[in-house]
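start28.csv (CSV, C-alpha atoms) appears below.
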```csv
chain,number,residue,atom,x,y,z
X,1,ASP,CA,0.0,0.0,0.0
X,2,SER,CA,1.7,3.2,-1.2
X,3,VAL,CA,1.5,6.1,1.2
X,4,LYS,CA,1.1,9.5,-0.4
X,5,THR,CA,3.6,11.9,1.1
X,6,LYS,CA,1.8,15.1,1.8
X,7,TYR,CA,3.4,18.3,0.5
X,8,GLN,CA,5.1,20.3,3.2
X,9,TYR,CA,6.8,23.7,2.6
X,10,LYS,CA,10.1,23.8,4.4
X,11,PRO,CA,11.1,27.4,5.1
X,12,ASN,CA,14.1,28.4,2.9
X,13,PHE,CA,15.3,31.7,1.8
X,14,THR,CA,17.8,33.2,-0.6
X,15,VAL,CA,18.6,36.9,-0.3
X,16,GLY,CA,20.3,38.7,-3.2
X,17,VAL,CA,21.7,42.1,-3.8
X,18,ASP,CA,22.4,43.6,-7.3
X,19,VAL,CA,26.1,44.6,-7.0
X,20,LEU,CA,26.5,45.5,-10.7
X,21,ASN,CA,23.9,48.4,-10.8
X,22,ALA,CA,24.8,49.5,-7.3
X,23,GLY,CA,28.5,49.7,-8.4
X,24,LEU,CA,27.6,51.6,-11.6
X,25,SER,CA,25.6,54.1,-9.6
X,26,ALA,CA,29.0,55.7,-8.5
X,27,PHE,CA,29.8,56.6,-12.2
X,28,SER,CA,26.4,57.5,-13.7
X,29,ASP,CA,23.3,59.6,-13.2
X,30,ARG,CA,21.3,56.4,-12.6
X,31,LYS,CA,21.4,55.5,-9.0
X,32,LEU,CA,19.9,52.0,-8.8
X,33,PHE,CA,19.8,49.9,-5.7
X,34,GLN,CA,17.8,46.6,-5.7
X,35,GLY,CA,17.6,43.2,-4.1
X,36,TYR,CA,15.4,40.2,-3.9
X,37,VAL,CA,14.2,37.4,-1.6
X,38,SER,CA,13.3,34.0,-3.1
X,39,SER,CA,12.1,30.7,-1.7
X,40,GLU,CA,11.6,27.3,-3.1
X,41,ILE,CA,7.9,26.5,-2.9
X,42,LYS,CA,8.0,23.1,-4.6
X,43,LYS,CA,10.7,21.1,-6.3
X,44,ASN,CA,12.4,23.5,-8.9
X,45,LEU,CA,9.7,26.1,-8.5
X,46,HIS,CA,10.6,29.3,-6.6
X,47,ALA,CA,8.6,32.4,-5.6
X,48,VAL,CA,10.5,35.7,-5.7
X,49,VAL,CA,10.0,39.3,-4.4
X,50,ASP,CA,12.2,42.2,-5.6
X,51,VAL,CA,12.4,45.7,-4.0
X,52,GLY,CA,14.4,48.6,-5.1
X,53,PHE,CA,15.0,52.4,-5.3
X,54,GLU,CA,16.1,54.4,-8.3
X,55,LYS,CA,17.0,58.0,-8.8
X,56,ASN,CA,17.6,59.1,-12.4
X,57,ILE,CA,17.9,62.0,-14.8
X,58,TYR,CA,16.6,62.3,-18.4
X,59,GLN,CA,18.3,65.0,-20.5
X,60,LYS,CA,17.6,64.5,-24.2
X,61,ASN,CA,15.9,66.3,-27.1
X,62,GLY,CA,15.4,69.4,-25.0
X,63,TYR,CA,13.8,67.5,-22.1
X,64,ASP,CA,15.3,67.8,-18.6
X,65,ALA,CA,13.5,65.5,-16.1
X,66,THR,CA,14.4,63.9,-12.8
X,67,VAL,CA,12.7,60.9,-11.1
X,68,ASN,CA,13.2,59.1,-7.9
X,69,GLY,CA,11.1,56.4,-6.2
X,70,PHE,CA,10.6,52.8,-5.1
X,71,PHE,CA,9.6,49.8,-7.1
X,72,GLY,CA,8.6,46.2,-6.3
X,73,LYS,CA,8.2,43.0,-8.3
X,74,LEU,CA,6.4,39.7,-7.5
X,75,GLY,CA,6.7,36.5,-9.4
X,76,GLY,CA,8.2,33.1,-9.7
X,77,TYR,CA,10.8,31.1,-11.6
X,78,TYR,CA,11.5,27.5,-12.6
X,79,MET,CA,14.9,25.8,-12.5
X,80,LEU,CA,15.3,24.5,-16.0
X,81,SER,CA,18.6,22.6,-15.6
X,82,MET,CA,20.5,21.8,-12.6
X,83,ASP,CA,24.0,20.7,-11.6
X,84,THR,CA,23.8,17.0,-10.5
X,85,GLU,CA,26.1,17.7,-7.5
X,86,ASN,CA,24.3,20.9,-6.5
X,87,PRO,CA,20.6,21.4,-7.5
X,88,ASP,CA,20.9,25.1,-6.6
X,89,ASN,CA,23.3,25.7,-9.4
X,90,GLY,CA,21.8,26.0,-12.9
X,91,PHE,CA,19.7,27.9,-15.3
X,92,TYR,CA,16.2,29.3,-14.6
X,93,ALA,CA,13.4,31.3,-16.2
X,94,GLY,CA,10.3,33.1,-14.9
X,95,ALA,CA,8.0,36.1,-14.8
X,96,LYS,CA,7.1,39.0,-12.5
X,97,MET,CA,4.5,41.7,-12.2
X,98,ALA,CA,6.1,45.0,-11.3
X,99,ALA,CA,5.0,48.4,-10.1
X,100,SER,CA,6.8,51.7,-9.4
X,101,PHE,CA,5.7,54.6,-7.3
X,102,TYR,CA,7.8,57.6,-7.8
X,103,ASN,CA,8.2,61.4,-7.9
X,104,GLN,CA,8.8,63.1,-11.2
X,105,GLU,CA,9.8,66.6,-12.1
X,106,TYR,CA,10.1,68.2,-15.5
X,107,LYS,CA,12.6,71.1,-15.3
X,108,LYS,CA,12.4,71.6,-19.1
X,109,VAL,CA,9.9,70.4,-21.7
X,110,PRO,CA,10.4,71.7,-25.3
X,111,ILE,CA,7.5,73.4,-27.0
X,112,ARG,CA,7.5,74.9,-30.5
X,113,GLY,CA,7.7,78.6,-30.0
X,114,PHE,CA,6.7,81.5,-32.2
X,115,GLY,CA,8.6,81.5,-35.6
X,116,GLY,CA,10.1,78.0,-34.9
X,117,SER,CA,12.2,79.2,-31.9
X,118,ASP,CA,12.7,76.7,-29.1
X,119,GLN,CA,10.8,77.5,-25.9
X,120,TYR,CA,10.5,75.5,-22.7
X,121,LEU,CA,7.9,74.8,-20.1
X,122,ALA,CA,8.6,73.6,-16.6
X,123,PHE,CA,6.2,71.4,-14.5
X,124,PRO,CA,6.2,70.9,-10.8
X,125,SER,CA,7.1,67.6,-9.2
X,126,VAL,CA,4.3,65.1,-8.9
X,127,ASN,CA,3.8,61.6,-7.7
X,128,GLN,CA,3.4,59.0,-10.5
X,129,SER,CA,3.0,55.3,-10.9
X,130,ALA,CA,3.7,52.7,-13.5
X,131,TYR,CA,3.1,49.0,-14.0
X,132,TRP,CA,4.8,46.4,-16.2
X,133,LEU,CA,5.3,42.7,-16.9
X,134,GLU,CA,8.8,41.3,-16.8
X,135,GLY,CA,10.2,38.0,-18.0
X,136,PHE,CA,13.6,37.0,-16.7
X,137,ALA,CA,16.1,34.3,-17.4
X,138,GLY,CA,19.5,33.7,-15.9
X,139,ALA,CA,21.9,31.4,-14.1
X,140,ARG,CA,23.2,30.9,-10.6
X,141,VAL,CA,26.5,29.4,-9.4
X,142,GLN,CA,27.6,28.6,-5.9
X,143,LEU,CA,30.9,30.2,-4.8
X,144,PHE,CA,33.4,27.7,-3.3
X,145,LYS,CA,31.1,25.4,-1.3
X,146,SER,CA,29.8,28.4,0.7
X,147,ASN,CA,26.3,29.8,1.1
X,148,LEU,CA,27.1,32.5,-1.4
X,149,TYR,CA,25.9,32.4,-5.0
X,150,VAL,CA,26.5,34.6,-8.0
X,151,ASP,CA,23.2,35.1,-9.8
X,152,VAL,CA,23.1,36.8,-13.2
X,153,ASN,CA,19.9,37.5,-15.2
X,154,ALA,CA,18.4,39.5,-18.0
X,155,GLN,CA,14.8,40.9,-17.8
X,156,PRO,CA,12.8,41.8,-21.0
X,157,ARG,CA,10.1,44.2,-19.8
X,158,PHE,CA,6.8,45.5,-21.2
X,159,LEU,CA,5.2,48.6,-19.7
X,160,PHE,CA,1.4,48.2,-19.9
X,161,TYR,CA,0.3,51.3,-17.9
X,162,SER,CA,1.7,54.5,-16.5
X,163,THR,CA,0.1,57.7,-15.2
X,164,LYS,CA,0.7,60.8,-17.2
X,165,GLN,CA,1.6,64.4,-16.3
X,166,GLU,CA,-0.1,67.0,-18.5
X,167,GLU,CA,-0.8,64.2,-21.0
X,168,MET,CA,2.9,63.5,-21.3
X,169,LYS,CA,4.1,59.9,-21.0
X,170,PRO,CA,7.0,59.5,-18.5
X,171,MET,CA,10.5,59.5,-20.0
X,172,ILE,CA,11.9,57.3,-17.4
X,173,VAL,CA,10.4,55.0,-14.7
X,174,PRO,CA,12.3,53.8,-11.6
X,175,GLY,CA,12.9,50.0,-11.9
X,176,PHE,CA,11.9,50.0,-15.6
X,177,GLY,CA,14.3,52.4,-17.1
X,178,LYS,CA,13.8,54.6,-20.2
X,179,SER,CA,10.1,54.4,-21.0
X,180,SER,CA,10.0,56.3,-24.3
X,181,THR,CA,9.2,52.9,-25.7
X,182,LYS,CA,7.1,50.2,-24.0
X,183,PHE,CA,9.8,47.6,-24.3
X,184,ASN,CA,13.0,47.5,-22.4
X,185,VAL,CA,15.6,45.0,-21.1
X,186,GLY,CA,17.4,45.1,-17.8
X,187,PHE,CA,20.4,43.2,-16.4
X,188,SER,CA,21.4,42.4,-12.9
X,189,TRP,CA,24.4,40.7,-11.4
X,190,ASN,CA,23.6,39.6,-7.9
X,191,LEU,CA,25.5,38.3,-5.0
X,192,ALA,CA,23.1,36.0,-3.1
X,193,TYR,CA,23.2,34.3,0.3
X,194,GLN,CA,21.2,31.1,0.9
X,195,PHE,CA,19.8,30.6,4.4
```

Turn the structure described in the file into C-alpha cells.
Amino acid sequence: DSVKTKYQYKPNFTVGVDVLNAGLSAFSDRKLFQGYVSSEIKKNLHAVVDVGFEKNIYQKNGYDATVNGFFGKLGGYYMLSMDTENPDNGFYAGAKMAASFYNQEYKKVPIRGFGGSDQYLAFPSVNQSAYWLEGFAGARVQLFKSNLYVDVNAQPRFLFYSTKQEEMKPMIVPGFGKSSTKFNVGFSWNLAYQF
C-alpha cells in the first residue's frame, strides 16, 4: 500500500543584492539599488520578491526630467537545468508583475515657439505610478562550497500602464528604465546568500 507523502513547505530563503547596478551608480546619473528574496515552494519552483530604489535624470531632445522612487516586483521562476552535484546551481526562467511609485519633475519640456524658436515649459514635481510585466532568465552558481551564490539574469520588460503628467508619457520609470518605448531590457548581477 503506497503512502502518499503530503506536500510540506520547508522554510528556505535566498537573499540577493544587485552589486552591478549599485556599483555603476557611482559613475552615472542612474542610482539604482535593488535586491530580492526568493524561496523554493515546490521542487524546482521558486517564488521571488524584488524591492528597489532608483533615482535618475533624463536629459535628451530638449527635455530635462528627474525621477526618484521605489519599485517592487512579485513573481516566480522555474529551475530549467541543474547541476547534479548541487541542484541550486543552474539555469532558470520566470516572470514577474512589477509596479513603481515615484516622484517626477520636469525642469524643461520643449514646445514649438513663435517663428520656430525653441521654448521650454517647466512642470512641478508630482507623484506618478507605472506597471509592467517582466520576463527573466539567468543562471546561478555557488561560490566555493559556501552559502554564497552569483546570480546573473536579463529581464525583458513590457510597460502596460503609466500615469501621465499634463498628457505626457513618462520619459523614465524607476525600476523599468527609459520608457519612451514600452519595451526595455534590464540586467542584474547579484550576490546572493542562501539561508

Å distance separating atom CA of X:Lys164 from atom CA of X:Val51, one decimal place: 23.2 Å

Using only C-alpha atoms: which of X:Glu134, X:Asp18, X:Glu167, X:Asp29 has the shortest distance to X:Ala65: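 For X:Ala65, the nearest of the given residues is X:Asp29.
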
Distance query 10 Å from (0.2, 47.5, -5.6) using all atoms listed in the file, result as a PyMOL selection string: chain X and resi 71-73+97-101+129+131

Which residues, written as an mmCIF file with C-alpha atoms, in the coordinates of the input, have at least one atom at most 7 Å from stretch 74-78 of chain X, with all atoms listed in the file counted and residues fewer than 5 positions away on the same chain left out?
```cif
data_model
loop_
_atom_site.group_PDB
_atom_site.id
_atom_site.type_symbol
_atom_site.label_atom_id
_atom_site.label_comp_id
_atom_site.auth_asym_id
_atom_site.auth_seq_id
_atom_site.Cartn_x
_atom_site.Cartn_y
_atom_site.Cartn_z
ATOM 1 C CA ASN X 44 12.400 23.500 -8.900
ATOM 2 C CA LEU X 45 9.700 26.100 -8.500
ATOM 3 C CA HIS X 46 10.600 29.300 -6.600
ATOM 4 C CA ALA X 47 8.600 32.400 -5.600
ATOM 5 C CA VAL X 48 10.500 35.700 -5.700
ATOM 6 C CA VAL X 49 10.000 39.300 -4.400
ATOM 7 C CA ASP X 50 12.200 42.200 -5.600
ATOM 8 C CA TYR X 92 16.200 29.300 -14.600
ATOM 9 C CA ALA X 93 13.400 31.300 -16.200
ATOM 10 C CA GLY X 94 10.300 33.100 -14.900
ATOM 11 C CA ALA X 95 8.000 36.100 -14.800
ATOM 12 C CA LYS X 96 7.100 39.000 -12.500
ATOM 13 C CA MET X 97 4.500 41.700 -12.200
ATOM 14 C CA ALA X 98 6.100 45.000 -11.300
#
```

Atom CA of X:Phe144 to atom CA of X:Asn21, distance in Å rounded to a single decimal: 24.0 Å

Distance criterion (all atoms listed in the file): nearest to X:Leu24 out of X:Trp189, X:Thr181, X:Lys6, X:Gly52: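 Among X:Trp189, X:Thr181, X:Lys6, X:Gly52, it is X:Trp189 that comes nearest to X:Leu24.
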
7 Å contact set for X:Asn56, only C-alpha atoms, chain neighbours under 2 positions out, as a ChimeraX atom specification: /X:29-31,54,58,66-68

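Relative to atom CA of X:Gln8, atom CA of X:Tyr36 is found at 23.5 Å.
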
Expected answer as a list in words: all residues with atoms within 10 Å of (11.8, 63.3, -10.1), only C-alpha atoms: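 Returned residue set, sorted by chain then number, is Lys55, Asn56, Ile57, Tyr58, Ala65, Thr66, Val67, Asn68, Gly69, Tyr102, Asn103, Gln104, Glu105, Tyr106, Lys107, Pro124, Ser125, Val126, Asn127, Gln128, Ile172, Val173 and Pro174 of chain X.
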
Test item: residues at most 6 Å from X:Leu191, only C-alpha atoms, excluding those fewer than 4 positions along its chain, as a PyMOL selection string: chain X and resi 16-17+149-150

Given only C-alpha atoms as the counted atoms, nearest of X:Ala26, X:Leu143, X:Val37, X:Ala122 to X:Pro110: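 Once distances to X:Pro110 are computed over only C-alpha atoms, the minimum belongs to X:Ala122.
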
Residue among X:Met168, X:Phe160, X:Val109, X:Gln34 lying closest to X:Ala22, counting only C-alpha atoms: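 Looking only at the distances to X:Ala22, the closest residue turns out to be X:Gln34.
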
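Distances here use all atoms listed in the file; by that measure, the residue among X:Phe27, X:Lys43, X:Gln119, X:Gln142 closest to X:Asp83 is X:Gln142.
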
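Take the candidates X:Leu20, X:Leu121, X:Ala154, X:Ala192 and check each one against X:Ser38 using only C-alpha atoms; the shortest distance goes to X:Ala192.
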